[in-house]
Structures are given as structure tokens and as C-alpha cells.
$ cat run.pdb   # PDB, C-alpha atoms
ATOM      1  CA  MET A 262      49.287 270.342 -75.043
ATOM      2  CA  ARG A 263      45.924 271.969 -74.490
ATOM      3  CA  PHE A 264      43.198 269.789 -73.029
ATOM      4  CA  ILE A 265      40.459 272.398 -72.827
ATOM      5  CA  ARG A 266      39.541 275.755 -74.332
ATOM      6  CA  LEU A 267      36.463 277.866 -74.931
ATOM      7  CA  GLY A 268      34.601 277.941 -78.202
ATOM      8  CA  PRO A 269      33.113 280.913 -80.029
ATOM      9  CA  ALA A 270      30.139 282.756 -78.542
ATOM     10  CA  ILE A 271      27.037 282.144 -80.666
ATOM     11  CA  PHE A 272      23.994 284.433 -80.734
ATOM     12  CA  PHE A 273      20.755 283.988 -82.682
ATOM     13  CA  VAL A 274      19.448 287.276 -84.035
ATOM     14  CA  GLU A 275      15.891 288.069 -85.143
ATOM     15  CA  GLY A 276      15.226 291.303 -87.016
ATOM     16  CA  GLU A 277      17.361 293.571 -89.174
ATOM     17  CA  LEU A 278      20.876 293.763 -87.774
ATOM     18  CA  GLU A 279      23.143 296.528 -88.978
ATOM     19  CA  THR A 280      26.733 295.441 -88.474
ATOM     20  CA  THR A 281      29.891 295.049 -90.478
ATOM     21  CA  GLY A 282      31.211 291.608 -91.213
ATOM     22  CA  GLU A 283      31.246 288.951 -93.888
ATOM     23  CA  ILE A 284      27.990 287.057 -94.312
ATOM     24  CA  MET A 285      28.452 283.297 -94.630
ATOM     25  CA  ALA A 286      26.871 279.955 -93.819
ATOM     26  CA  PRO A 287      26.701 279.196 -90.060
ATOM     27  CA  GLU A 288      28.910 276.109 -90.487
ATOM     28  CA  ASP A 289      31.557 278.207 -92.248
ATOM     29  CA  ALA A 290      31.461 280.788 -89.467
ATOM     30  CA  PHE A 291      32.050 278.016 -86.934
ATOM     31  CA  ARG A 292      34.879 276.521 -89.016
ATOM     32  CA  LEU A 293      36.682 279.863 -89.222
ATOM     33  CA  SER A 294      36.082 281.005 -85.649
ATOM     34  CA  ASN A 295      38.600 280.960 -82.830
ATOM     35  CA  GLU A 296      38.298 280.987 -79.067
ATOM     36  CA  LEU A 297      35.892 283.650 -77.737
ATOM     37  CA  GLU A 298      35.180 285.175 -81.117
ATOM     38  CA  THR A 299      31.553 286.002 -81.904
ATOM     39  CA  ILE A 300      29.115 284.403 -84.339
ATOM     40  CA  LEU A 301      25.811 286.156 -85.032
ATOM     41  CA  VAL A 302      23.324 283.768 -86.647
ATOM     42  CA  LEU A 303      20.645 285.638 -88.606
ATOM     43  CA  LYS A 304      17.702 283.307 -88.071
ATOM     44  CA  GLU A 305      15.420 284.736 -90.752
ATOM     45  CA  LYS A 306      18.090 284.532 -93.462
ATOM     46  CA  GLY A 307      19.759 281.312 -92.326
ATOM     47  CA  THR A 308      23.165 282.979 -92.557
ATOM     48  CA  ALA A 309      25.782 284.084 -90.047
ATOM     49  CA  ILE A 310      28.280 286.858 -89.432
ATOM     50  CA  LEU A 311      31.662 286.091 -87.866
ATOM     51  CA  ILE A 312      33.086 288.970 -85.843
ATOM     52  CA  ARG A 313      36.663 288.519 -84.686
ATOM     53  CA  ASP A 314      36.127 290.158 -81.329
ATOM     54  CA  HIS A 315      34.981 288.962 -77.912
ATOM     55  CA  PRO A 316      31.209 288.854 -77.258
ATOM     56  CA  TRP A 317      31.240 291.541 -74.554
ATOM     57  CA  LYS A 318      32.547 294.077 -77.052
ATOM     58  CA  VAL A 319      30.153 292.952 -79.798
ATOM     59  CA  LEU A 320      27.080 293.076 -77.551
ATOM     60  CA  THR A 321      28.104 296.450 -76.153
ATOM     61  CA  ASP A 322      28.369 297.861 -79.665
ATOM     62  CA  ILE A 323      24.926 296.498 -80.564
ATOM     63  CA  ILE A 324      23.290 297.814 -77.383
ATOM     64  CA  ASN A 325      24.823 301.266 -77.790
ATOM     65  CA  SER A 326      23.911 301.529 -81.465
ATOM     66  CA  LYS A 327      20.796 303.660 -81.993
ATOM     67  CA  ALA A 328      20.048 301.783 -85.203
ATOM     68  CA  GLN A 329      19.507 298.473 -83.397
ATOM     69  CA  THR A 330      15.999 299.030 -82.009
ATOM     70  CA  LYS A 331      13.984 296.181 -83.481
ATOM     71  CA  ILE A 332      16.090 293.102 -82.954
ATOM     72  CA  LYS A 333      15.970 290.174 -80.556
ATOM     73  CA  ILE A 334      19.158 288.380 -79.537
ATOM     74  CA  THR A 335      19.133 284.915 -77.974
ATOM     75  CA  PRO A 336      22.467 283.400 -76.917
ATOM     76  CA  ALA A 337      23.300 279.750 -77.362
ATOM     77  CA  ALA A 338      24.883 278.007 -74.397
ATOM     78  CA  PRO A 339      28.501 278.885 -73.585
ATOM     79  CA  MET A 340      30.818 276.401 -75.278
ATOM     80  CA  ILE A 341      33.703 274.364 -73.873
ATOM     81  CA  ILE A 342      35.871 272.328 -76.252
ATOM     82  CA  VAL A 343      37.690 269.304 -74.812
ATOM     83  CA  ARG A 344      40.427 267.338 -76.557
ATOM     84  CA  VAL A 345      40.865 263.663 -75.672
ATOM     85  CA  PRO A 346      42.804 260.753 -77.246
ATOM     86  CA  ASP A 347      39.601 258.760 -77.850
ATOM     87  CA  ALA A 348      36.533 260.908 -78.555
ATOM     88  CA  LYS A 349      33.998 258.099 -78.116
ATOM     89  CA  LYS A 350      35.342 257.068 -74.714
ATOM     90  CA  GLY A 351      35.837 260.683 -73.715
ATOM     91  CA  ALA A 352      32.262 261.655 -74.565
ATOM     92  CA  GLU A 353      30.828 258.742 -72.603
ATOM     93  CA  LEU A 354      33.030 259.576 -69.631
ATOM     94  CA  LEU A 355      32.041 263.248 -69.726
ATOM     95  CA  LYS A 356      28.384 262.288 -70.074
ATOM     96  CA  GLU A 357      28.674 260.217 -66.907
ATOM     97  CA  LYS A 358      30.529 262.869 -64.908
ATOM     98  CA  LEU A 359      28.485 265.846 -66.114
ATOM     99  CA  GLU A 360      25.112 264.128 -66.550
ATOM    100  CA  GLY A 361      24.835 265.488 -70.072
ATOM    101  CA  GLN A 362      23.047 264.471 -73.251
ATOM    102  CA  ILE A 363      25.062 263.464 -76.326
ATOM    103  CA  LEU A 364      23.863 265.060 -79.560
ATOM    104  CA  ASP A 365      25.095 265.969 -83.015
ATOM    105  CA  PRO A 366      27.192 269.187 -82.677
ATOM    106  CA  TYR A 367      24.857 271.267 -84.849
ATOM    107  CA  ASP A 368      21.729 270.032 -83.045
ATOM    108  CA  ALA A 369      23.388 270.588 -79.680
ATOM    109  CA  ILE A 370      23.910 274.269 -80.477
ATOM    110  CA  LEU A 371      20.339 274.720 -81.734
ATOM    111  CA  THR A 372      18.745 273.052 -78.697
ATOM    112  CA  SER A 373      20.970 274.697 -76.085
ATOM    113  CA  SER A 374      20.003 277.648 -73.912
ATOM    114  CA  PRO A 375      21.972 280.222 -71.879
ATOM    115  CA  SER A 376      21.304 278.259 -68.682
ATOM    116  CA  THR A 377      22.953 275.115 -70.085
ATOM    117  CA  THR A 378      26.524 274.403 -71.189
ATOM    118  CA  LEU A 379      27.821 272.964 -74.457
ATOM    119  CA  VAL A 380      30.756 270.546 -74.309
ATOM    120  CA  MET A 381      32.326 269.704 -77.662
ATOM    121  CA  VAL A 382      34.615 266.653 -77.773
ATOM    122  CA  THR A 383      37.389 266.338 -80.351
ATOM    123  CA  GLU A 384      40.646 264.520 -81.028
ATOM    124  CA  LYS A 385      42.030 267.468 -83.002
ATOM    125  CA  PRO A 386      44.541 270.009 -81.610
ATOM    126  CA  LEU A 387      42.951 273.001 -79.883
ATOM    127  CA  THR A 388      45.549 275.440 -81.171
ATOM    128  CA  ARG A 389      43.470 276.293 -84.229
ATOM    129  CA  ALA A 390      39.902 276.679 -85.477
ATOM    130  CA  LEU A 391      37.735 273.553 -85.716
ATOM    131  CA  SER A 392      34.953 272.605 -88.115
ATOM    132  CA  PHE A 393      31.813 270.648 -87.267
ATOM    133  CA  GLU A 394      33.523 267.638 -88.869
ATOM    134  CA  ASP A 395      36.331 267.963 -86.314
ATOM    135  CA  ILE A 396      33.852 267.683 -83.434
ATOM    136  CA  ALA A 397      33.289 263.979 -82.821
ATOM    137  CA  LYS A 398      30.655 264.316 -80.087
ATOM    138  CA  ALA A 399      28.723 267.123 -78.401
ATOM    139  CA  LEU A 400      27.051 267.262 -75.006
ATOM    140  CA  VAL A 401      24.341 269.548 -73.710
ATOM    141  CA  VAL A 402      24.690 269.775 -69.936
ATOM    142  CA  ALA A 403      21.833 271.200 -67.868
ATOM    143  CA  LYS A 404      24.212 272.950 -65.479
ATOM    144  CA  ASN A 405      25.705 276.429 -65.407
ATOM    145  CA  PHE A 406      28.979 277.107 -67.166
ATOM    146  CA  HIS A 407      31.149 277.641 -64.067
ATOM    147  CA  GLU A 408      30.101 274.341 -62.499
ATOM    148  CA  VAL A 409      30.778 272.393 -65.696
ATOM    149  CA  TYR A 410      34.109 274.109 -66.364
ATOM    150  CA  LYS A 411      35.319 273.503 -62.808
ATOM    151  CA  THR A 412      34.353 269.821 -62.974
ATOM    152  CA  ILE A 413      36.175 269.265 -66.276
ATOM    153  CA  VAL A 414      39.353 270.999 -65.069
ATOM    154  CA  LEU A 415      39.414 269.037 -61.797
ATOM    155  CA  GLU A 416      38.669 265.727 -63.518
ATOM    156  CA  ALA A 417      41.119 266.315 -66.383
ATOM    157  CA  PRO A 418      43.823 263.846 -65.211
ATOM    158  CA  VAL A 419      41.241 261.089 -64.709
ATOM    159  CA  ILE A 420      39.576 261.772 -68.054
ATOM    160  CA  MET A 421      42.889 261.687 -69.907
ATOM    161  CA  LEU A 422      44.075 258.478 -68.250
ATOM    162  CA  GLU A 423      40.785 256.646 -68.667
ATOM    163  CA  THR A 424      40.544 257.541 -72.358
ATOM    164  CA  LYS A 425      44.192 256.607 -72.964
ATOM    165  CA  PRO A 426      45.656 254.376 -70.219
ATOM    166  CA  GLU A 427      49.075 254.023 -71.896
ATOM    167  CA  TRP A 428      51.025 257.153 -72.810
ATOM    168  CA  ASN A 429      54.413 257.392 -74.493
ATOM    169  CA  GLU A 430      57.351 259.037 -72.764
ATOM    170  CA  ILE A 431      59.793 260.316 -75.370
ATOM    171  CA  THR A 432      63.159 262.010 -74.983
ATOM    172  CA  ILE A 433      64.119 264.397 -77.763
ATOM    173  CA  LYS A 434      67.767 265.410 -78.157
ATOM    174  CA  LEU A 435      68.828 268.314 -80.347
ATOM    175  CA  TYR A 436      72.419 268.870 -81.453
ATOM    176  CA  ASP A 437      73.816 271.654 -83.626
ATOM    177  CA  ALA A 438      77.418 271.352 -84.780
ATOM    178  CA  LEU A 439      77.591 275.125 -85.225
ATOM    179  CA  GLY A 440      76.174 275.916 -81.798
ATOM    180  CA  HIS A 441      73.106 277.827 -82.995
ATOM    181  CA  TYR A 442      70.923 276.301 -80.292
ATOM    182  CA  LYS A 443      68.677 279.275 -79.587
ATOM    183  CA  GLU A 444      67.112 279.307 -83.052
ATOM    184  CA  ASN A 445      66.845 275.520 -83.335
ATOM    185  CA  ILE A 446      65.322 275.085 -79.886
ATOM    186  CA  GLU A 447      62.720 277.716 -80.714
ATOM    187  CA  ARG A 448      61.853 275.890 -83.954
ATOM    188  CA  LEU A 449      61.459 272.636 -82.035
ATOM    189  CA  VAL A 450      59.284 274.078 -79.264
ATOM    190  CA  ILE A 451      57.101 276.027 -81.715
ATOM    191  CA  THR A 452      56.436 272.812 -83.644
ATOM    192  CA  ILE A 453      55.546 270.785 -80.550
ATOM    193  CA  GLU A 454      53.272 273.472 -79.131
ATOM    194  CA  ASP A 455      51.598 274.515 -82.382
ATOM    195  CA  LEU A 456      50.800 270.918 -83.367
ATOM    196  CA  ASP A 457      49.872 270.034 -79.767
ATOM    197  CA  LEU A 458      52.112 266.960 -79.883
ATOM    198  CA  GLY A 459      52.295 266.411 -76.136
ATOM    199  CA  PHE A 460      53.183 267.733 -72.700
ATOM    200  CA  ILE A 461      56.729 269.034 -72.260
ATOM    201  CA  VAL A 462      57.509 267.870 -68.720
ATOM    202  CA  ALA A 463      61.256 268.554 -68.562
ATOM    203  CA  GLU A 464      63.956 270.263 -70.575
ATOM    204  CA  GLY A 465      67.591 271.195 -70.144
ATOM    205  CA  TRP A 466      71.164 270.498 -71.210
ATOM    206  CA  ASP A 467      73.117 267.257 -71.291
ATOM    207  CA  TRP A 468      76.183 265.674 -72.888
ATOM    208  CA  ASP A 469      76.118 263.125 -75.672
ATOM    209  CA  TYR A 470      78.899 260.807 -76.858
ATOM    210  CA  PRO A 471      78.412 260.151 -80.609
ATOM    211  CA  ARG A 472      81.762 258.378 -80.850
ATOM    212  CA  PRO A 473      84.595 257.430 -78.454
ATOM    213  CA  LEU A 474      86.369 260.397 -76.820
ATOM    214  CA  LEU A 475      83.959 262.859 -78.434
ATOM    215  CA  LYS A 476      81.649 264.723 -76.056
ATOM    216  CA  VAL A 477      79.107 267.204 -77.451
ATOM    217  CA  PRO A 478      76.454 269.382 -75.763
ATOM    218  CA  VAL A 479      72.817 268.535 -76.504
ATOM    219  CA  TYR A 480      69.523 270.142 -75.607
ATOM    220  CA  LYS A 481      67.229 267.519 -74.108
ATOM    221  CA  LEU A 482      63.453 267.639 -73.880
ATOM    222  CA  ARG A 483      61.113 265.074 -72.322
ATOM    223  CA  LEU A 484      57.675 264.721 -73.894
ATOM    224  CA  ILE A 485      54.598 262.861 -72.640
ATOM    225  CA  THR A 486      52.313 262.144 -75.586
ATOM    226  CA  TRP A 487      49.648 259.855 -76.959
ATOM    227  CA  GLU A 488      51.181 260.171 -80.425
ATOM    228  CA  LYS A 489      53.250 257.245 -81.677
ATOM    229  CA  PRO A 490      57.035 257.791 -81.381
ATOM    230  CA  GLU A 491      57.382 257.082 -85.108
ATOM    231  CA  ARG A 492      54.974 259.918 -85.847
ATOM    232  CA  ILE A 493      56.958 262.334 -83.678
ATOM    233  CA  LYS A 494      60.196 261.226 -85.359
ATOM    234  CA  PHE A 495      58.678 261.734 -88.819
ATOM    235  CA  LEU A 496      57.467 265.276 -88.124
ATOM    236  CA  LEU A 497      60.696 266.373 -86.438
ATOM    237  CA  LYS A 498      62.655 265.061 -89.408
ATOM    238  CA  GLY A 499      61.080 267.970 -91.248
ATOM    239  CA  LEU A 500      63.001 270.348 -88.970
ATOM    240  CA  GLU A 501      66.393 268.746 -89.543
ATOM    241  CA  TYR A 502      66.573 269.608 -93.217
ATOM    242  CA  LYS A 503      65.461 272.456 -95.449
ATOM    243  CA  GLY A 504      66.023 271.136 -98.948
ATOM    244  CA  TYR A 505      69.430 269.438 -98.824
ATOM    245  CA  LYS A 506      70.760 271.705 -96.097
ATOM    246  CA  ARG A 507      70.954 270.243 -92.637
ATOM    247  CA  LEU A 508      70.041 272.666 -89.873
ATOM    248  CA  CYS A 509      70.437 270.421 -86.825
ATOM    249  CA  ASP A 510      70.350 266.830 -85.588
ATOM    250  CA  ILE A 511      67.251 265.651 -83.725
ATOM    251  CA  ASP A 512      67.132 262.244 -82.059
ATOM    252  CA  VAL A 513      63.984 260.613 -80.673
ATOM    253  CA  ILE A 514      64.680 258.184 -77.842
ATOM    254  CA  VAL A 515      62.145 255.681 -76.496
ATOM    255  CA  LYS A 516      62.956 253.520 -73.469
ATOM    256  CA  GLY A 517      66.635 254.328 -73.841
ATOM    257  CA  GLU A 518      66.780 253.326 -77.508
ATOM    258  CA  LYS A 519      67.358 255.783 -80.349
ATOM    259  CA  LEU A 520      64.636 255.495 -82.989
ATOM    260  CA  SER A 521      66.196 255.024 -86.420
ATOM    261  CA  TRP A 522      64.797 256.833 -89.457
ATOM    262  CA  ILE A 523      64.710 253.458 -91.228
ATOM    263  CA  LYS A 524      61.863 252.361 -88.917
ATOM    264  CA  ILE A 525      59.658 255.313 -89.864
ATOM    265  CA  GLY A 526      58.609 253.938 -93.234
ATOM    266  CA  LYS A 527      59.757 252.801 -96.646
ATOM    267  CA  PHE A 528      61.927 255.652 -97.885
ATOM    268  CA  SER A 529      64.819 255.343-100.318
ATOM    269  CA  SER A 530      66.902 257.786 -98.286
ATOM    270  CA  LYS A 531      66.680 260.091 -95.305
ATOM    271  CA  PHE A 532      66.510 262.978 -97.781
ATOM    272  CA  GLU A 533      63.288 261.560 -99.234
ATOM    273  CA  LEU A 534      61.964 261.112 -95.691
ATOM    274  CA  ALA A 535      62.972 264.649 -94.727
ATOM    275  CA  THR A 536      61.344 266.120 -97.842
ATOM    276  CA  LYS A 537      58.023 264.374 -97.237
ATOM    277  CA  ALA A 538      58.160 265.231 -93.551
ATOM    278  CA  ARG A 539      58.877 268.857 -94.348
ATOM    279  CA  ASN A 540      55.981 269.110 -96.799
ATOM    280  CA  GLU A 541      53.548 267.601 -94.302
ATOM    281  CA  LEU A 542      54.886 269.732 -91.472
ATOM    282  CA  GLU A 543      54.402 272.955 -93.423
ATOM    283  CA  SER A 544      50.844 271.941 -94.350
ATOM    284  CA  MET A 545      49.972 271.295 -90.691
ATOM    285  CA  LEU A 546      51.550 274.296 -88.966
ATOM    286  CA  SER A 547      49.477 277.400 -88.367
ATOM    287  CA  GLU A 548      50.264 280.448 -90.472
ATOM    288  CA  ASP A 549      51.918 282.317 -87.591
ATOM    289  CA  ALA A 550      53.990 279.309 -86.490
ATOM    290  CA  LEU A 551      55.226 278.575 -90.010
ATOM    291  CA  LYS A 552      56.087 282.225 -90.570
ATOM    292  CA  ARG A 553      58.212 282.313 -87.416
ATOM    293  CA  ILE A 554      59.970 279.039 -88.262
ATOM    294  CA  LEU A 555      60.834 280.306 -91.746
ATOM    295  CA  GLU A 556      62.228 283.514 -90.233
ATOM    296  CA  LEU A 557      64.442 281.484 -87.894
ATOM    297  CA  GLU A 558      65.624 279.272 -90.750
ATOM    298  CA  GLU A 559      66.497 282.262 -92.890
ATOM    299  CA  LYS A 560      68.611 283.483 -89.991
ATOM    300  CA  LEU A 561      70.282 280.061 -89.679
ATOM    301  CA  PHE A 562      71.121 279.984 -93.391
ATOM    302  CA  LYS A 563      72.931 283.284 -93.050
ATOM    303  CA  MET A 564      74.834 282.057 -90.000
ATOM    304  CA  GLU A 565      76.130 278.758 -91.402
ATOM    305  CA  PRO A 566      79.236 278.501 -93.627
ATOM    306  CA  GLU A 567      78.742 277.446 -97.243
ATOM    307  CA  ASN A 568      81.088 274.465 -96.956
ATOM    308  CA  GLN A 569      79.418 272.912 -93.909
ATOM    309  CA  SER A 570      79.802 269.146 -94.059
ATOM    310  CA  GLU A 571      76.840 266.916 -93.400
ATOM    311  CA  LEU A 572      76.668 265.158 -90.054
ATOM    312  CA  GLY A 573      74.769 262.059 -89.105
ATOM    313  CA  GLU A 574      72.184 262.243 -86.354
ATOM    314  CA  SER A 575      74.301 263.127 -83.333
ATOM    315  CA  GLY A 576      77.248 261.876 -85.350
ATOM    316  CA  GLU A 577      75.741 258.507 -86.302
ATOM    317  CA  SER A 578      74.963 258.198 -89.998
ATOM    318  CA  GLY A 579      73.069 254.955 -89.571
ATOM    319  CA  LYS A 580      70.403 256.462 -87.354
TER     320      LYS A 580
END
$ encode --input "run.pdb" --output "C-alpha cells"
Amino acid sequence: MRFIRLGPAIFFVEGELETTGEIMAPEDAFRLSNELETILVLKEKGTAILIRDHPWKVLTDIINSKAQTKIKITPAAPMIIVRVPDAKKGAELLKEKLEGQILDPYDAILTSSPSTTLVMVTEKPLTRALSFEDIAKALVVAKNFHEVYKTIVLEAPVIMLETKPEWNEITIKLYDALGHYKENIERLVITIEDLDLGFIVAEGWDWDYPRPLLKVPVYKLRLITWEKPERIKFLLKGLEYKGYKRLCDIDVIVKGEKLSWIKIGKFSSKFELATKARNELESMLSEDALKRILELEEKLFKMEPENQSELGESGESGK
């Protein structure tokens, strides 16, 4: 789980700028931008150009271009994006620790200067681009970037605990009757990391006993998260099945108790649950993550026999 990352570098340009790139509204450029990409806001036209390269490269190209002789470039403040469980509490806490001013995100960018620092607060995962709507609060801090960044990193544990005093500790167990653990573990870890579901604090191998005298190997992962266990169970159900084919068994255990699929919601069957979970999972995953998961699943389909019988979760059909 990522707690902090940098935003795009934003520059306000006056004059005729000759550069390649798609012209769009500034808010669209922000929505499509990723960490340390460059947004050039053309002040006179009220439009922006998103360049998918770091600002040092973009500025170097502009400076070295003989055509760029009559332009003025003013940078906005460097941007730090912080993810917290409760944006309102997090913003107030950061305001207190950093002595910043809370503003609307758009206004914060416009009023910032290179000698200040922008801190954007969100509850959304930092693994993908964010829109202005995803930014709950913004702070303008009258301190240099390095001082602000250092303070946030050092205070991170306190900020996280004060915004969310109670966290959930979840154990996830993965079992594959065919022994194709490598591919299934990768699917599981990709999902957790891409959706920023929590902190993986431990992982390894263990034995499970689905029925008397039957011992099976399981991959075990311990997750610290502010997400509800039922939400984690729902999303991971989307990894167990692809259509009506079962790829693995995934159990979610909270305080020593296995969470049953029946407690997730009102579903007529676990197949209905798995289908809805799969659809939501695919809509949430990033393009690269989904592509890799589909590649792994295609490999698993080729590895499994056609007459594979369905298993319950770790051998228990009622869970």
C-alpha cells in the first residue's frame, strides 16, 4: 500500500509554445497524468498539454529549442499526494503538522508558487492517475519541498493511526489442488498491490487440514488493511473463478475464523457472487495489471485437465 507519491509537475506558460502533445482542458490533463509527468498550462488559451515525460527532460527540450524565444514559464509548487483512510481528519492533521492552508485543489494549484509545496489528500489508491474529484482536500504549505516531504514521511505512522485508529489484520490462504501456486500467487499479489488493498506484512507456506487425515499445502499471506474483511473477500472471490472454472481456493480469515461467502451479501450462489466480483475486479484493475492476470489465467487454463472436479474452499463447500 502506497501512502505517499509525487504528483505531476505543472508549469504555466505565457507566449507561443511550439511543442508536440495533445491539447486539452487543464482538469483533463490532471486526470490523465501520472507521477512526475509534465503538464504545460497555456495561460492565454486556458488549455493544457500533457507530456508523458519527467519535467527535467521537458524543460531541457524547451530551453534548447531555438524556436522558444518569446515565452515565459512559471512553475506551480511541487506536488505531494497523500492517501489516508479519512481525508477530512488527514487534512486537518497535516494542516496542524505542516502549518498549511486548506484550499480547493484547483485554487491551491493556481495560488501556489515554486517556494511553497502542494499537498493533495485523497482516499483513493495512489497506483493510478487521480482526477480533481478524487482529491478531497488540498494544502498549500509555505515551506520548501524537501522539508515538507521529510516531515510527512517521518510522521506517516502517526498520521495513519490517528486517521484510522483501528485496522484489520487479515490472513489470506491460497490453495491449488493442481499445485500451480506460482501463477495463482502472482495473481493474488498483483491484485492486492494494484488495488492498494493493504500492507503485506508476512507471507510464506503452511499446512491446512480441510478434513480429518487430509493435510494440504497452502500459501499464507498476512494483510494489514483499513478495508473491511468482507470487501477483501468479495474482490478475491473474483480470482477464484473465471466463468465456471475454478482456478484456486482463497480463504479470508479474521481473528482465527474463516469468513464465509454467505456473509458477503445476498447472492443466490457462490457462482453469482464470483461473477459479480470478477466483473467489478476487472473494472477496477489497471490496464497493465489486468493484462498480466489474464495472461496468467490463460496459462492456467492450458495447464489444468478438462475433467477437473470442483473443490470447496480449502475443501469445505459450505464456506
$ residues_around --input "run.pdb" --residues "Ala337 (chain A)" --least-positions-apart "5" --cutoff "9 Å" --atoms "all atoms listed in the file" --output "number ranges by chain"
A: 270-273, 370-375, 377-379
$ atom_distance --input "run.pdb" --atom1 "CA of Lys531 (chain A)" --atom2 "CA of Tyr505 (chain A)"
10.4 Å
$ resolve_selection --input "run.pdb" --expression "the PyMOL selection byres ((chain A and resi 314) around 12)" --output "PyMOL selection string"
chain A and resi 269-270+282+294-301+310-313+315-322
$ residues_around --input "run.pdb" --residues "Ile451 (chain A)" --least-positions-apart "5" --cutoff "9 Å" --atoms "all atoms listed in the file" --output "list of chain:residue names"
A:Ile446, A:Leu456, A:Ala550, A:Leu551, A:Arg553, A:Ile554
$ atom_distance --input "run.pdb" --atom1 "CA of Ser521 (chain A)" --atom2 "CA of Thr388 (chain A)"
29.5 Å
$ closest_residue --input "run.pdb" --among "A:Arg539, A:Lys425, A:Lys476, A:Lys560" --to "Lys498 (chain A)" --atoms "only C-alpha atoms"
A:Arg539
$ residues_around --input "run.pdb" --residues "region 401-413 of chain A" --least-positions-apart "3" --cutoff "12 Å" --atoms "only C-alpha atoms" --output "mmCIF file with C-alpha atoms, in the frame of the given file"
data_model
loop_
_atom_site.group_PDB
_atom_site.id
_atom_site.type_symbol
_atom_site.label_atom_id
_atom_site.label_comp_id
_atom_site.auth_asym_id
_atom_site.auth_seq_id
_atom_site.Cartn_x
_atom_site.Cartn_y
_atom_site.Cartn_z
ATOM 1 C CA PHE A 264 43.198 269.789 -73.029
ATOM 2 C CA ILE A 265 40.459 272.398 -72.827
ATOM 3 C CA ARG A 266 39.541 275.755 -74.332
ATOM 4 C CA LEU A 267 36.463 277.866 -74.931
ATOM 5 C CA ALA A 337 23.300 279.750 -77.362
ATOM 6 C CA ALA A 338 24.883 278.007 -74.397
ATOM 7 C CA PRO A 339 28.501 278.885 -73.585
ATOM 8 C CA MET A 340 30.818 276.401 -75.278
ATOM 9 C CA ILE A 341 33.703 274.364 -73.873
ATOM 10 C CA ILE A 342 35.871 272.328 -76.252
ATOM 11 C CA VAL A 343 37.690 269.304 -74.812
ATOM 12 C CA ARG A 344 40.427 267.338 -76.557
ATOM 13 C CA VAL A 345 40.865 263.663 -75.672
ATOM 14 C CA GLY A 351 35.837 260.683 -73.715
ATOM 15 C CA ALA A 352 32.262 261.655 -74.565
ATOM 16 C CA LEU A 354 33.030 259.576 -69.631
ATOM 17 C CA LEU A 355 32.041 263.248 -69.726
ATOM 18 C CA LYS A 356 28.384 262.288 -70.074
ATOM 19 C CA GLU A 357 28.674 260.217 -66.907
ATOM 20 C CA LYS A 358 30.529 262.869 -64.908
ATOM 21 C CA LEU A 359 28.485 265.846 -66.114
ATOM 22 C CA GLU A 360 25.112 264.128 -66.550
ATOM 23 C CA GLY A 361 24.835 265.488 -70.072
ATOM 24 C CA GLN A 362 23.047 264.471 -73.251
ATOM 25 C CA ILE A 363 25.062 263.464 -76.326
ATOM 26 C CA LEU A 364 23.863 265.060 -79.560
ATOM 27 C CA ASP A 365 25.095 265.969 -83.015
ATOM 28 C CA PRO A 366 27.192 269.187 -82.677
ATOM 29 C CA TYR A 367 24.857 271.267 -84.849
ATOM 30 C CA ASP A 368 21.729 270.032 -83.045
ATOM 31 C CA ALA A 369 23.388 270.588 -79.680
ATOM 32 C CA ILE A 370 23.910 274.269 -80.477
ATOM 33 C CA LEU A 371 20.339 274.720 -81.734
ATOM 34 C CA THR A 372 18.745 273.052 -78.697
ATOM 35 C CA SER A 373 20.970 274.697 -76.085
ATOM 36 C CA SER A 374 20.003 277.648 -73.912
ATOM 37 C CA PRO A 375 21.972 280.222 -71.879
ATOM 38 C CA SER A 376 21.304 278.259 -68.682
ATOM 39 C CA THR A 377 22.953 275.115 -70.085
ATOM 40 C CA THR A 378 26.524 274.403 -71.189
ATOM 41 C CA LEU A 379 27.821 272.964 -74.457
ATOM 42 C CA VAL A 380 30.756 270.546 -74.309
ATOM 43 C CA MET A 381 32.326 269.704 -77.662
ATOM 44 C CA VAL A 382 34.615 266.653 -77.773
ATOM 45 C CA LYS A 398 30.655 264.316 -80.087
ATOM 46 C CA GLU A 416 38.669 265.727 -63.518
ATOM 47 C CA ALA A 417 41.119 266.315 -66.383
ATOM 48 C CA PRO A 418 43.823 263.846 -65.211
ATOM 49 C CA VAL A 419 41.241 261.089 -64.709
ATOM 50 C CA ILE A 420 39.576 261.772 -68.054
ATOM 51 C CA MET A 421 42.889 261.687 -69.907
#
$ residues_around --input "run.pdb" --residues "Ile453 (chain A)" --least-positions-apart "4" --cutoff "12 Å" --atoms "only C-alpha atoms" --output "NGL selection string"
:A and (262-263 or 386 or 388 or 433 or 446-449 or 457-461 or 482-486 or 488 or 493-494 or 496-497 or 500 or 542 or 545-547 or 550)
$ closest_residue --input "run.pdb" --among "A:Leu303, A:Val479, A:Leu391, A:Leu474" --to "Asp512 (chain A)" --atoms "all atoms listed in the file"
A:Val479
$ atom_distance --input "run.pdb" --atom1 "CA of Ile514 (chain A)" --atom2 "CA of Glu423 (chain A)"
25.6 Å
$ axis_aligned_box --input "run.pdb" --around "region 370-383 of chain A" --padding-each-side "3 Å" --output "JSON"
{"center_x": 28.1, "center_y": 273.3, "center_z": -75.2, "size_x": 24.6, "size_y": 19.9, "size_z": 19.1}
$ closest_residue --input "run.pdb" --among "A:Thr281, A:Gly465, A:Asp289, A:Val274" --to "Lys304 (chain A)" --atoms "only C-alpha atoms"
A:Val274
$ resolve_selection --input "run.pdb" --expression "the PyMOL selection byres ((chain A and resi 525) around 8)" --output "PDB file with C-alpha atoms, keeping the file's coordinate frame"
ATOM      1  CA  GLU A 491      57.382 257.082 -85.108  1.00  0.00           C
ATOM      2  CA  ARG A 492      54.974 259.918 -85.847  1.00  0.00           C
ATOM      3  CA  LYS A 494      60.196 261.226 -85.359  1.00  0.00           C
ATOM      4  CA  PHE A 495      58.678 261.734 -88.819  1.00  0.00           C
ATOM      5  CA  SER A 521      66.196 255.024 -86.420  1.00  0.00           C
ATOM      6  CA  TRP A 522      64.797 256.833 -89.457  1.00  0.00           C
ATOM      7  CA  ILE A 523      64.710 253.458 -91.228  1.00  0.00           C
ATOM      8  CA  LYS A 524      61.863 252.361 -88.917  1.00  0.00           C
ATOM      9  CA  GLY A 526      58.609 253.938 -93.234  1.00  0.00           C
ATOM     10  CA  LYS A 527      59.757 252.801 -96.646  1.00  0.00           C
TER      11      LYS A 527
END
$ resolve_selection --input "run.pdb" --expression "the PyMOL selection byres ((chain A and resi 278) around 9)" --output "NGL selection string"
:A and (274-277 or 279-280 or 303 or 323 or 328-329 or 331-332)
$ closest_residue --input "run.pdb" --among "A:Lys306, A:Lys385, A:Arg507, A:Lys519" --to "Lys434 (chain A)" --atoms "all atoms listed in the file"
A:Lys519
$ closest_residue --input "run.pdb" --among "A:Lys350, A:Lys333, A:Arg292, A:Lys552" --to "Pro426 (chain A)" --atoms "all atoms listed in the file"
A:Lys350
$ closest_residue --input "run.pdb" --among "A:Gly499, A:Pro346, A:Pro471, A:Gly504" --to "Thr452 (chain A)" --atoms "all atoms listed in the file"
A:Gly499
